[in-house]
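The file run-v7.txt comes next; it holds compact mmCIF, C-alpha atoms.
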# COMPACT_ATOMS: atom_id res chain seq x y z
CA MET A 1 4.62 2.53 -32.23
CA ILE A 2 3.20 3.49 -28.83
CA PRO A 3 4.34 7.01 -27.94
CA ALA A 4 6.10 7.65 -24.65
CA MET A 5 3.93 9.68 -22.32
CA ASP A 6 4.83 12.37 -19.80
CA LEU A 7 8.56 11.98 -19.38
CA HIS A 8 8.94 15.18 -17.34
CA LEU A 9 9.58 13.20 -14.17
CA LEU A 10 13.11 12.18 -15.12
CA HIS A 11 15.15 14.93 -13.52
CA SER A 12 18.76 15.61 -14.46
CA SER A 13 20.62 18.77 -15.30
CA PRO A 14 22.13 19.40 -18.74
CA GLY A 15 25.42 17.63 -19.20
CA SER A 16 25.03 15.51 -16.09
CA PRO A 17 24.17 11.83 -15.90
CA PRO A 18 20.54 10.99 -15.14
CA SER A 19 19.68 10.40 -11.49
CA VAL A 20 18.84 6.77 -12.18
CA SER A 21 20.85 4.27 -14.16
CA SER A 22 18.57 1.54 -15.38
CA SER A 23 18.95 -1.92 -16.75
CA PRO A 24 18.41 -2.25 -20.52
CA PRO A 25 15.17 -0.51 -21.55
CA PHE A 26 12.06 -2.53 -20.95
CA ARG A 27 10.77 -3.53 -24.38
CA THR A 28 7.37 -2.34 -25.45
CA LEU A 29 4.67 -4.68 -26.70
CA LEU A 30 3.74 -3.18 -30.03
CA ARG A 31 0.29 -4.70 -30.20
CA GLY A 32 -0.75 -3.20 -26.85
CA ARG A 33 -4.01 -1.38 -26.41
CA PHE A 34 -4.83 1.39 -23.97
CA PHE A 35 -7.78 1.20 -21.63
CA PRO A 36 -9.25 4.62 -20.89
CA VAL A 37 -9.13 5.75 -17.28
CA ARG A 38 -12.64 4.97 -16.09
CA SER A 39 -13.00 7.68 -13.50
CA SER A 40 -11.61 11.15 -12.97
CA LEU A 41 -9.78 12.33 -9.89
CA PRO A 42 -11.78 14.05 -7.15
CA PHE A 43 -9.92 17.35 -7.62
CA PRO A 44 -9.18 19.56 -10.66
CA ASN A 45 -6.26 18.38 -12.75
CA GLU A 46 -4.69 21.83 -12.72
CA LYS A 47 -4.20 21.50 -8.95
CA ALA A 48 -2.33 18.22 -9.31
CA LYS A 49 1.07 18.34 -10.99
CA TYR A 50 1.15 14.57 -11.27
CA HIS A 51 -2.49 13.96 -12.17
CA LYS A 52 -1.63 11.73 -15.13
CA GLU A 53 0.58 9.59 -12.93
CA LEU A 54 -2.08 9.37 -10.21
CA GLU A 55 -4.82 8.46 -12.68
CA SER A 56 -2.61 5.68 -14.01
CA ALA A 57 -1.69 4.51 -10.51
CA MET A 58 -5.34 4.41 -9.50
CA GLU A 59 -6.30 2.48 -12.61
CA VAL A 60 -3.59 -0.15 -12.25
CA VAL A 61 -4.22 -0.62 -8.51
CA GLU A 62 -7.90 -1.19 -9.26
CA ARG A 63 -6.99 -3.88 -11.77
CA ALA A 64 -4.47 -5.37 -9.35
CA CYS A 65 -7.23 -5.68 -6.75
CA ARG A 66 -9.36 -7.57 -9.24
CA LEU A 67 -6.43 -9.90 -9.92
CA CYS A 68 -6.00 -10.52 -6.18
CA VAL A 69 -9.69 -11.26 -5.67
CA ASP A 70 -9.73 -13.71 -8.58
CA VAL A 71 -6.59 -15.52 -7.40
CA GLN A 72 -7.76 -15.52 -3.80
CA ARG A 73 -10.91 -17.41 -4.73
CA SER A 74 -8.75 -20.37 -5.69
CA LEU A 75 -7.87 -20.74 -2.02
CA PHE A 76 -11.40 -21.59 -0.97
CA SER A 77 -14.15 -24.09 -1.67
CA ASP A 78 -17.74 -23.05 -2.25
CA GLU A 79 -18.33 -23.53 1.48
CA GLY A 80 -15.53 -21.12 2.31
CA ARG A 81 -13.05 -23.77 3.44
CA ILE A 82 -9.36 -23.23 2.67
CA LEU A 83 -8.37 -25.74 0.01
CA GLU A 84 -4.59 -25.42 0.40
CA LYS A 85 -3.80 -24.72 4.04
CA ASN A 86 -0.06 -25.33 3.72
CA ASP A 87 0.40 -24.26 0.13
CA GLN A 88 1.26 -20.60 -0.44
CA THR A 89 1.00 -20.90 -4.23
CA PRO A 90 -2.06 -18.61 -4.56
CA VAL A 91 -0.26 -15.91 -2.56
CA THR A 92 2.80 -16.32 -4.77
CA VAL A 93 0.74 -16.07 -7.94
CA ALA A 94 -1.02 -12.95 -6.68
CA ASP A 95 2.19 -11.26 -5.50
CA PHE A 96 4.04 -11.88 -8.74
CA GLY A 97 0.94 -11.25 -10.82
CA VAL A 98 0.38 -7.82 -9.29
CA GLN A 99 4.04 -6.89 -9.79
CA ALA A 100 3.94 -8.01 -13.42
CA LEU A 101 0.67 -6.20 -14.08
CA VAL A 102 1.79 -2.92 -12.53
CA SER A 103 5.18 -3.09 -14.23
CA LEU A 104 3.65 -3.76 -17.64
CA GLU A 105 1.22 -0.85 -17.42
CA LEU A 106 3.60 1.72 -15.93
CA SER A 107 6.45 0.84 -18.28
CA LYS A 108 4.14 1.51 -21.20
CA LEU A 109 2.96 4.88 -19.90
CA PHE A 110 6.13 6.09 -18.15
CA PRO A 111 9.02 4.09 -19.60
CA SER A 112 11.75 6.24 -18.07
CA ILE A 113 10.58 5.88 -14.46
CA PRO A 114 11.95 2.77 -12.75
CA LEU A 115 10.00 0.54 -10.40
CA VAL A 116 11.11 -0.51 -6.92
CA ALA A 117 9.25 -3.65 -5.90
CA GLU A 118 9.80 -6.89 -4.01
CA GLU A 119 10.19 -9.82 -6.37
CA ASP A 120 12.29 -11.16 -9.21
CA SER A 121 11.38 -14.01 -11.53
CA GLY A 122 13.92 -16.54 -10.27
CA PHE A 123 11.49 -18.12 -7.80
CA LEU A 124 8.79 -18.53 -10.46
CA ARG A 125 11.19 -20.14 -12.89
CA SER A 126 12.54 -22.62 -10.33
CA ASN A 127 9.09 -23.61 -9.07
CA ASN A 128 7.27 -23.90 -12.42
CA LEU A 129 4.81 -21.14 -11.54
CA VAL A 130 5.23 -19.03 -14.65
CA ASP A 131 2.07 -20.23 -16.41
CA PRO A 132 -0.32 -19.49 -13.48
CA VAL A 133 1.10 -15.98 -13.18
CA VAL A 134 0.78 -15.33 -16.92
CA SER A 135 -2.80 -16.59 -16.77
CA ALA A 136 -3.63 -14.32 -13.83
CA VAL A 137 -2.17 -11.28 -15.57
CA SER A 138 -3.31 -11.82 -19.15
CA ASP A 139 -6.93 -10.68 -18.81
CA LYS A 140 -6.13 -7.76 -16.51
CA THR A 141 -3.64 -5.90 -18.70
CA SER A 142 -4.31 -3.41 -21.45
CA PHE A 143 -2.23 -5.57 -23.80
CA ASP A 144 -3.73 -8.05 -26.23
CA GLU A 145 -3.76 -11.42 -24.49
CA GLU A 146 -2.25 -13.10 -27.57
CA SER A 147 0.71 -10.72 -27.52
CA LEU A 148 1.53 -11.34 -23.87
CA SER A 149 4.16 -14.08 -23.59
CA GLN A 150 5.91 -15.70 -20.66
CA ALA A 151 9.01 -13.69 -21.52
CA ASP A 152 7.02 -10.45 -21.33
CA VAL A 153 5.66 -11.27 -17.87
CA LEU A 154 9.02 -12.42 -16.51
CA GLU A 155 10.73 -9.34 -17.88
CA ALA A 156 8.07 -7.14 -16.32
CA ILE A 157 8.61 -8.76 -12.91
CA ASP A 158 12.38 -8.37 -13.14
CA ARG A 159 11.99 -4.70 -14.02
CA GLY A 160 11.10 -4.18 -10.35
CA GLY A 161 13.64 -6.66 -8.96
CA LYS A 162 16.36 -5.68 -6.55
CA ASP A 163 19.10 -5.83 -9.18
CA ALA A 164 17.13 -4.11 -11.94
CA PHE A 165 18.76 -0.70 -11.54
CA ALA A 166 21.20 1.29 -9.45
CA PHE A 167 20.67 4.74 -8.00
CA GLY A 168 23.08 7.55 -8.65
CA THR A 169 24.18 10.25 -6.22
CA LYS A 170 21.24 12.56 -6.97
CA PRO A 171 17.71 12.03 -5.62
CA ALA A 172 15.86 9.75 -7.97
CA THR A 173 12.34 9.50 -9.35
CA TYR A 174 10.80 6.06 -9.02
CA TRP A 175 7.63 4.10 -8.33
CA ILE A 176 7.38 2.02 -5.16
CA LEU A 177 5.09 -1.02 -5.21
CA ASP A 178 4.02 -3.31 -2.41
CA PRO A 179 2.13 -6.03 -4.35
CA ILE A 180 0.29 -7.45 -1.33
CA ASP A 181 0.82 -5.98 2.11
CA GLY A 182 -0.76 -8.30 4.66
CA THR A 183 -0.35 -11.75 3.12
CA ARG A 184 -1.75 -13.36 6.27
CA GLY A 185 -4.92 -11.42 5.59
CA PHE A 186 -4.89 -12.56 1.99
CA VAL A 187 -4.92 -16.25 2.91
CA LYS A 188 -7.82 -15.66 5.32
CA GLY A 189 -10.03 -14.58 2.43
CA SER A 190 -12.76 -12.25 3.65
CA GLN A 191 -11.70 -12.65 7.28
CA ALA A 192 -8.92 -10.07 7.21
CA LEU A 193 -7.60 -7.17 5.21
CA TYR A 194 -4.76 -6.90 2.72
CA VAL A 195 -3.66 -3.94 0.61
CA VAL A 196 -2.10 -3.25 -2.79
CA GLY A 197 0.01 -0.10 -2.48
CA LEU A 198 1.66 2.08 -5.14
CA SER A 199 3.40 5.42 -4.72
CA LEU A 200 5.63 7.77 -6.68
CA VAL A 201 8.75 9.41 -5.25
CA VAL A 202 10.15 12.48 -7.04
CA GLU A 203 13.54 13.76 -5.90
CA GLY A 204 13.07 12.32 -2.43
CA GLU A 205 9.45 13.45 -1.94
CA ILE A 206 6.46 11.10 -1.98
CA VAL A 207 4.13 12.96 -4.34
CA LEU A 208 1.23 10.54 -4.78
CA GLY A 209 -0.13 7.23 -3.62
CA ALA A 210 -2.89 4.73 -4.37
CA LEU A 211 -4.07 2.04 -1.93
CA GLY A 212 -6.53 -0.71 -2.84
CA CYS A 213 -8.17 -2.75 -0.08
CA PRO A 214 -10.73 -5.21 -1.52
CA ASN A 215 -12.25 -6.36 1.82
CA TRP A 216 -12.66 -3.00 3.52
CA VAL A 217 -16.16 -2.42 4.91
CA VAL A 218 -17.33 1.11 4.14
CA ASP A 219 -18.88 2.22 7.42
CA THR A 220 -18.37 5.46 9.30
CA SER A 221 -19.30 3.96 12.66
CA TYR A 222 -16.34 3.83 15.01
CA ARG A 223 -18.02 1.04 16.95
CA SER A 224 -17.78 -1.19 13.90
CA THR A 225 -14.00 -0.98 13.74
CA ALA A 226 -13.63 -4.68 14.44
CA ASP A 227 -16.09 -5.42 11.64
CA VAL A 228 -14.15 -3.08 9.35
CA GLN A 229 -11.09 -5.21 9.86
CA GLY A 230 -13.01 -8.29 8.86
CA TYR A 231 -12.74 -10.36 12.01
CA LYS A 232 -16.44 -10.45 12.87
CA ASN A 233 -17.90 -10.62 9.39
CA SER A 234 -17.47 -13.63 7.14
CA SER A 235 -18.70 -11.78 4.07
CA PRO A 236 -16.33 -9.39 2.31
CA GLY A 237 -16.97 -5.68 2.19
CA PRO A 238 -17.20 -3.68 -1.02
CA GLY A 239 -13.61 -2.55 -0.58
CA ILE A 240 -12.12 0.87 -1.18
CA ILE A 241 -9.43 2.59 -3.15
CA MET A 242 -7.66 5.47 -1.43
CA VAL A 243 -5.66 8.04 -3.37
CA ALA A 244 -3.54 10.96 -2.26
CA HIS A 245 -1.68 13.68 -4.12
CA VAL A 246 0.64 16.21 -2.53
CA GLY A 247 -1.37 19.34 -1.76
CA CYS A 248 -4.69 17.83 -2.91
CA GLY A 249 -5.80 15.73 0.07
CA THR A 250 -6.66 12.08 0.57
CA TRP A 251 -9.79 10.59 -0.97
CA THR A 252 -11.60 7.25 -1.13
CA LYS A 253 -14.29 5.57 -3.17
CA LYS A 254 -15.82 2.11 -3.18
CA LEU A 255 -14.11 -0.69 -5.03
CA LYS A 256 -17.21 -2.86 -5.39
CA ASP A 257 -17.93 -1.52 -8.85
CA VAL A 258 -14.38 -2.33 -9.91
CA LEU A 259 -14.55 -5.89 -8.64
CA ASP A 260 -18.00 -6.52 -10.13
CA SER A 261 -17.69 -5.93 -13.85
CA SER A 262 -21.47 -6.15 -14.28
CA THR A 263 -21.97 -2.97 -12.25
CA LYS A 264 -21.48 0.49 -13.62
CA MET A 265 -18.46 2.28 -12.23
CA SER A 266 -19.20 4.77 -9.47
CA SER A 267 -17.38 8.10 -9.36
CA ASP A 268 -18.43 9.13 -5.84
CA TRP A 269 -15.39 10.26 -3.88
CA THR A 270 -15.18 11.00 -0.15
CA ARG A 271 -12.54 13.31 1.31
CA CYS A 272 -10.63 11.66 4.16
CA PHE A 273 -9.52 13.34 7.35
CA VAL A 274 -7.82 12.01 10.44
CA ASP A 275 -9.88 12.02 13.60
CA GLY A 276 -9.99 15.02 15.93
CA CYS A 277 -8.85 13.29 19.10
CA CYS A 278 -6.71 15.61 21.25
CA LEU A 279 -6.20 13.46 24.35
CA VAL A 280 -4.08 10.30 24.38
CA PRO A 281 -6.45 8.34 26.70
CA GLU A 282 -9.28 8.93 24.20
CA ALA A 283 -7.28 7.75 21.18
CA ARG A 284 -7.80 4.50 19.31
CA PHE A 285 -4.51 2.64 18.81
CA CYS A 286 -3.26 0.13 16.23
CA ILE A 287 -0.13 -1.96 16.67
CA PRO A 288 1.53 -4.62 14.47
CA GLU A 289 0.08 -8.11 14.79
CA SER A 290 3.60 -9.35 15.53
CA GLN A 291 4.00 -7.08 18.58
CA THR A 292 2.21 -6.79 21.92
CA TRP A 293 1.10 -3.70 23.78
CA GLU A 294 3.25 -4.77 26.73
CA SER A 295 6.38 -4.52 24.55
CA LEU A 296 5.76 -0.82 23.80
CA PRO A 297 6.86 2.13 25.98
CA LEU A 298 3.30 3.45 26.47
CA SER A 299 2.35 0.25 28.29
CA ILE A 300 4.07 1.69 31.37
CA LEU A 301 1.43 4.44 31.44
CA TYR A 302 -1.66 2.71 30.03
CA GLU A 303 -3.20 -0.72 29.91
CA ALA A 304 -4.82 -1.71 26.63
CA ARG A 305 -8.48 -2.63 26.26
CA ILE A 306 -9.76 -4.36 23.12
CA ASP A 307 -13.40 -4.21 24.23
CA ALA A 308 -14.54 -1.64 21.71
CA ASP A 309 -18.03 -1.23 23.22
CA ASP A 310 -16.91 -0.72 26.83
CA ASP A 311 -16.04 2.58 28.45
CA ILE A 312 -12.34 3.16 28.89
CA ARG A 313 -11.29 3.62 32.50
CA ASP A 314 -8.49 5.70 33.95
CA LYS A 315 -5.00 4.60 32.85
CA GLU A 316 -6.43 2.60 29.93
CA ILE A 317 -6.43 3.10 26.17
CA ARG A 318 -8.52 1.52 23.43
CA LEU A 319 -6.57 -0.94 21.30
CA LEU A 320 -8.26 -1.87 18.04
CA PRO A 321 -8.27 -5.55 16.98
CA THR A 322 -5.16 -6.22 14.95
CA CYS A 323 -5.21 -6.45 11.17
CA CYS A 324 -2.51 -7.78 8.87
CA GLY A 325 0.18 -5.60 7.34
CA SER A 326 1.31 -2.03 8.01
CA LEU A 327 -0.62 -0.34 5.20
CA CYS A 328 -3.97 -1.34 6.69
CA LYS A 329 -3.05 0.64 9.80
CA TYR A 330 -2.08 3.68 7.75
CA LEU A 331 -5.44 3.35 6.03
CA MET A 332 -7.15 3.21 9.43
CA VAL A 333 -5.48 6.44 10.58
CA ALA A 334 -5.97 8.29 7.29
CA SER A 335 -9.68 7.42 7.25
CA GLY A 336 -10.23 8.45 10.87
CA ARG A 337 -10.96 4.93 12.12
CA ALA A 338 -7.83 4.93 14.29
CA SER A 339 -5.94 7.76 15.96
CA VAL A 340 -2.51 6.12 16.27
CA PHE A 341 -0.43 3.39 14.68
CA ILE A 342 2.75 2.68 16.61
CA LEU A 343 5.44 0.26 15.42
CA GLN A 344 8.63 -0.61 17.27
CA ALA A 345 11.73 -1.27 15.19
CA ARG A 346 13.52 -4.55 15.77
CA SER A 347 17.22 -5.05 15.21
CA GLN A 348 16.72 -8.35 13.40
CA LYS A 349 14.24 -6.96 10.89
CA VAL A 350 14.90 -4.18 8.38
CA ILE A 351 11.92 -1.95 7.67
CA LYS A 352 11.25 -1.66 3.92
CA ALA A 353 10.41 1.66 2.35
CA TRP A 354 7.66 0.09 0.24
CA ASP A 355 5.86 -0.93 3.44
CA HIS A 356 5.36 2.72 4.35
CA ALA A 357 5.74 5.19 1.47
CA VAL A 358 2.17 5.08 0.15
CA GLY A 359 0.78 5.10 3.69
CA VAL A 360 2.85 8.14 4.61
CA ILE A 361 1.37 10.38 1.92
CA CYS A 362 -2.16 9.16 2.57
CA VAL A 363 -1.86 10.05 6.27
CA HIS A 364 -0.10 13.36 5.60
CA GLU A 365 -2.69 14.52 3.08
CA ALA A 366 -5.48 13.53 5.49
CA GLY A 367 -4.00 15.87 8.10
CA GLY A 368 -1.93 13.37 10.09
CA LYS A 369 1.74 12.99 10.85
CA VAL A 370 4.36 10.23 10.41
CA THR A 371 7.80 10.24 12.04
CA ASP A 372 10.25 7.94 13.76
CA TRP A 373 10.27 7.84 17.56
CA THR A 374 12.57 10.87 17.77
CA GLY A 375 10.21 13.01 15.68
CA SER A 376 12.26 12.90 12.46
CA GLU A 377 10.60 12.23 9.11
CA LEU A 378 11.17 8.83 7.55
CA ASP A 379 14.14 9.00 5.19
CA LEU A 380 13.53 6.94 2.08
CA ALA A 381 17.11 7.58 0.96
CA ALA A 382 18.72 6.25 4.15
CA ASP A 383 20.03 3.18 2.34
CA GLN A 384 22.58 4.68 -0.03
CA VAL A 385 23.09 1.36 -1.83
CA GLU A 386 19.56 0.57 -2.96
CA ARG A 387 17.36 3.16 -1.24
CA ARG A 388 14.91 0.41 -0.36
CA ASN A 389 15.25 0.39 3.41
CA ILE A 390 14.57 2.88 6.17
CA TYR A 391 16.15 2.81 9.58
CA PRO A 392 13.79 4.69 11.90
CA ALA A 393 15.13 5.53 15.34
CA GLY A 394 13.10 3.44 17.77
CA GLY A 395 10.26 2.79 15.39
CA VAL A 396 7.49 4.47 13.39
CA LEU A 397 4.74 6.67 14.85
CA VAL A 398 1.64 7.46 12.79
CA THR A 399 -0.96 9.75 14.35
CA ASN A 400 -3.71 12.26 13.66
CA GLY A 401 -1.17 15.01 14.35
CA ASN A 402 -2.96 16.43 17.39
CA ILE A 403 -1.42 14.01 19.85
CA HIS A 404 1.81 13.29 18.02
CA ASN A 405 4.10 15.33 20.25
CA GLN A 406 2.39 14.07 23.39
CA ILE A 407 3.10 10.47 22.39
CA LEU A 408 6.68 11.28 21.37
CA GLU A 409 7.27 12.74 24.84
CA MET A 410 5.78 9.64 26.47
CA ILE A 411 7.96 7.38 24.35
CA SER A 412 11.07 9.41 25.14
CA SER A 413 10.35 9.34 28.87
CA ASN A 414 9.55 5.65 29.08
CA SER A 415 11.76 3.99 26.48
CA THR A 416 15.36 2.79 26.50
CA VAL A 417 15.19 2.27 22.70
CA VAL A 418 15.17 5.88 21.49

Can you present the structure in this file as structure tokens?
Amino acid sequence: MIPAMDLHLLHSSPGSPPSVSSSPPFRTLLRGRFFPVRSSLPFPNEKAKYHKELESAMEVVERACRLCVDVQRSLFSDEGRILEKNDQTPVTVADFGVQALVSLELSKLFPSIPLVAEEDSGFLRSNNLVDPVVSAVSDKTSFDEESLSQADVLEAIDRGGKDAFAFGTKPATYWILDPIDGTRGFVKGSQALYVVGLSLVVEGEIVLGALGCPNWVVDTSYRSTADVQGYKNSSPGPGIIMVAHVGCGTWTKKLKDVLDSSTKMSSDWTRCFVDGCCLVPEARFCIPESQTWESLPLSILYEARIDADDDIRDKEIRLLPTCCGSLCKYLMVASGRASVFILQARSQKVIKAWDHAVGVICVHEAGGKVTDWTGSELDLAADQVERRNIYPAGGVLVTNGNIHNQILEMISSNSTVV
């Protein structure tokens, strides 16, 4: 029988009920096999309380990126044309496949820690998509392919479903997964970015995160920001994986070796820091693709310029070309490519915790800051029913830290939202 590993994360006092009440235990596949973690973390294990969890998160996100790349290829012909313009099936297979893969691996290693994710298996069952998902997952897991059944995959998906467990009154310990953040980027192939994001919350604190971005172009040139986001290059970049652990910093390494099984794995890590910009007019801004600069409070003070190679004039700011999904913008700020990501909350759309949790720790550990528009930290426990939603006042502000308070003051002075 496979032994349970590292159960110290389930926190409850003697004689009290555990902080999480789960659905029936997720059954273990007895014929599973463990893949060794192929690369060590970029900092000593003794400095990282949750190093085993982060190693596992990094490993499964790497495999999830490979799954996404393989499924994404089914969207395109050899000439790069989209084969199924109106059919979202490949996105569905990738989303559900990533959730199944991550759930299978984490349930084996940390069976007592629940998973908060996006999907349940009902859609797959009703649309006859179970077989494609099983096929996508089978060669990416550490389980024997013959032992992986449809029931196993469906059960793994439902482990992260919205009705899989209920939180108690005490702060809980749980994984948060965003299978694919930036699905519009996913369907564009190499023309835009998408991210697989996984984080761990322990008693209300985000303690680690792993982000995988298969199309990221590894380039330190700020002038190539548009290329980094994939809108000027038709060929994909080598991609990166970004990891962060509380107190240990934010780090990246190339994903190319992960996605190309014929290449030996690289273990070269680079420490990430936010940029050093101290003046708002000199900052590089990101905003959601669904919002315009004119809809934001700062537009009263500054006009936006997207011409990355031109000098910025008085009363102007540099707005980077948009990329899909929120996590890409967190990645931009944490890596120093952008100074600010600003998102305005909308009454008709609830902001999901899984859209931000992994980005928050990556930015924090890189030296940046994340708050709502009043300066309060994002509260992952704001939804007392499911703890899946956050309700930020005004919106979310992600910066390098240096200009955070300046922008908060500008928002407060020029906004009727806050």

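With distances restricted to all atoms listed in the file, A:Gly209 is the closest residue to A:Trp251 from A:Gly368, A:Gly276, A:Pro214, A:Gly209.
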
Nearest residue to A:Ala334 from the set A:Ile287, A:Leu54, A:Met242, A:Ala304 (distances using only C-alpha atoms):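 That would be A:Met242, the residue with the smallest distance to A:Ala334.
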
Just the residues within 9 Å of stretch 349-366 of chain A, please, counting only C-alpha atoms, with nothing from its chain fewer than 4 positions along; format it as an NGL selection string. :A and (116-118 or 176-178 or 181 or 197-201 or 206-211 or 242-251 or 271-274 or 325-331 or 333-336 or 345 or 370 or 378-380 or 387-392 or 398-401)

Selection: 12 Å around A:Glu303, only C-alpha atoms, excl. self and same-chain fewer than 4 positions, as a PyMOL selection string: chain A and resi 281+285+292-299+312-319

Closest of A:Ala164, A:Val195, A:Leu109, A:Glu155 to A:Ala94 - atom-to-atom distances counting only C-alpha atoms: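 Between A:Ala164, A:Val195, A:Leu109, A:Glu155, the residue approaching A:Ala94 most closely is A:Val195.
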
If you measure from atom CA of A:Glu146 to atom CA of A:Gln99, what distance in Å do you get, rounded to one decimal?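 Separation of atom CA of A:Glu146 and atom CA of A:Gln99: 19.9 Å.
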
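Note that atom CA of A:Phe143 and atom CA of A:Glu105 are 8.7 Å apart.
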
Separating atom CA of A:Ser376 from atom CA of A:Leu320, to the nearest tenth of an Å, is a gap of 25.9 Å

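When only C-alpha atoms are used to compute distances to A:Ser56, the closest of the residues A:Ala136, A:Ala283, A:Val102, A:Cys278 turns out to be A:Val102.
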
Could you check the closest approach to A:Val280 for each of A:Glu55, A:Glu205, A:Glu409, A:Asp120 and tell me which residue wins, using all atoms listed in the file?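 Closest to A:Val280, using all atoms listed in the file: A:Glu409.
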
Draw an axis-aligned box tight on the listed atoms of stretch 199-208 of chain A, then pad every side by 3 Å and write out centre and edge lengths in Å to one decimal as JSON.
{"center_x": 7.4, "center_y": 9.6, "center_z": -4.5, "size_x": 18.3, "size_y": 14.3, "size_z": 11.1}

Counting all atoms listed in the file, the option among A:Leu106, A:Leu41, A:Cys65, A:Ile306 closest to A:Arg284: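 Closest to A:Arg284 of all the choices is A:Ile306.
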
Complete stretch 98-103 of chain A at the level of all heavy atoms, written as a short mmCIF file (atom, residue, chain, number, x, y, z; two decimals), keeping the file's coordinate frame.
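Dumped everything to result30.cif:
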data_model
loop_
_atom_site.label_atom_id
_atom_site.label_comp_id
_atom_site.auth_asym_id
_atom_site.auth_seq_id
_atom_site.Cartn_x
_atom_site.Cartn_y
_atom_site.Cartn_z
N VAL A 98 0.56 -9.26 -9.49
CA VAL A 98 0.38 -7.82 -9.29
C VAL A 98 1.64 -7.07 -9.74
O VAL A 98 1.54 -6.04 -10.42
CB VAL A 98 0.07 -7.51 -7.82
CG1 VAL A 98 0.19 -6.01 -7.54
CG2 VAL A 98 -1.33 -8.00 -7.46
N GLN A 99 2.81 -7.58 -9.39
CA GLN A 99 4.04 -6.89 -9.79
C GLN A 99 4.18 -6.87 -11.31
O GLN A 99 4.56 -5.84 -11.88
CB GLN A 99 5.26 -7.55 -9.16
CG GLN A 99 6.56 -6.82 -9.47
CD GLN A 99 7.68 -7.21 -8.53
OE1 GLN A 99 7.47 -7.39 -7.34
NE2 GLN A 99 8.90 -7.32 -9.06
N ALA A 100 3.87 -7.97 -11.96
CA ALA A 100 3.94 -8.01 -13.42
C ALA A 100 2.95 -7.04 -14.04
O ALA A 100 3.28 -6.30 -14.98
CB ALA A 100 3.70 -9.43 -13.92
N LEU A 101 1.72 -7.06 -13.54
CA LEU A 101 0.67 -6.20 -14.08
C LEU A 101 1.04 -4.73 -13.95
O LEU A 101 0.96 -3.95 -14.92
CB LEU A 101 -0.64 -6.48 -13.35
CG LEU A 101 -1.83 -5.56 -13.65
CD1 LEU A 101 -2.25 -5.70 -15.10
CD2 LEU A 101 -2.99 -5.87 -12.72
N VAL A 102 1.44 -4.32 -12.76
CA VAL A 102 1.79 -2.92 -12.53
C VAL A 102 3.00 -2.52 -13.37
O VAL A 102 3.03 -1.45 -13.98
CB VAL A 102 2.07 -2.69 -11.03
CG1 VAL A 102 2.63 -1.29 -10.80
CG2 VAL A 102 0.80 -2.89 -10.21
N SER A 103 3.99 -3.39 -13.43
CA SER A 103 5.18 -3.09 -14.23
C SER A 103 4.85 -2.94 -15.71
O SER A 103 5.33 -2.02 -16.37
CB SER A 103 6.22 -4.20 -14.03
OG SER A 103 7.36 -3.96 -14.81
#
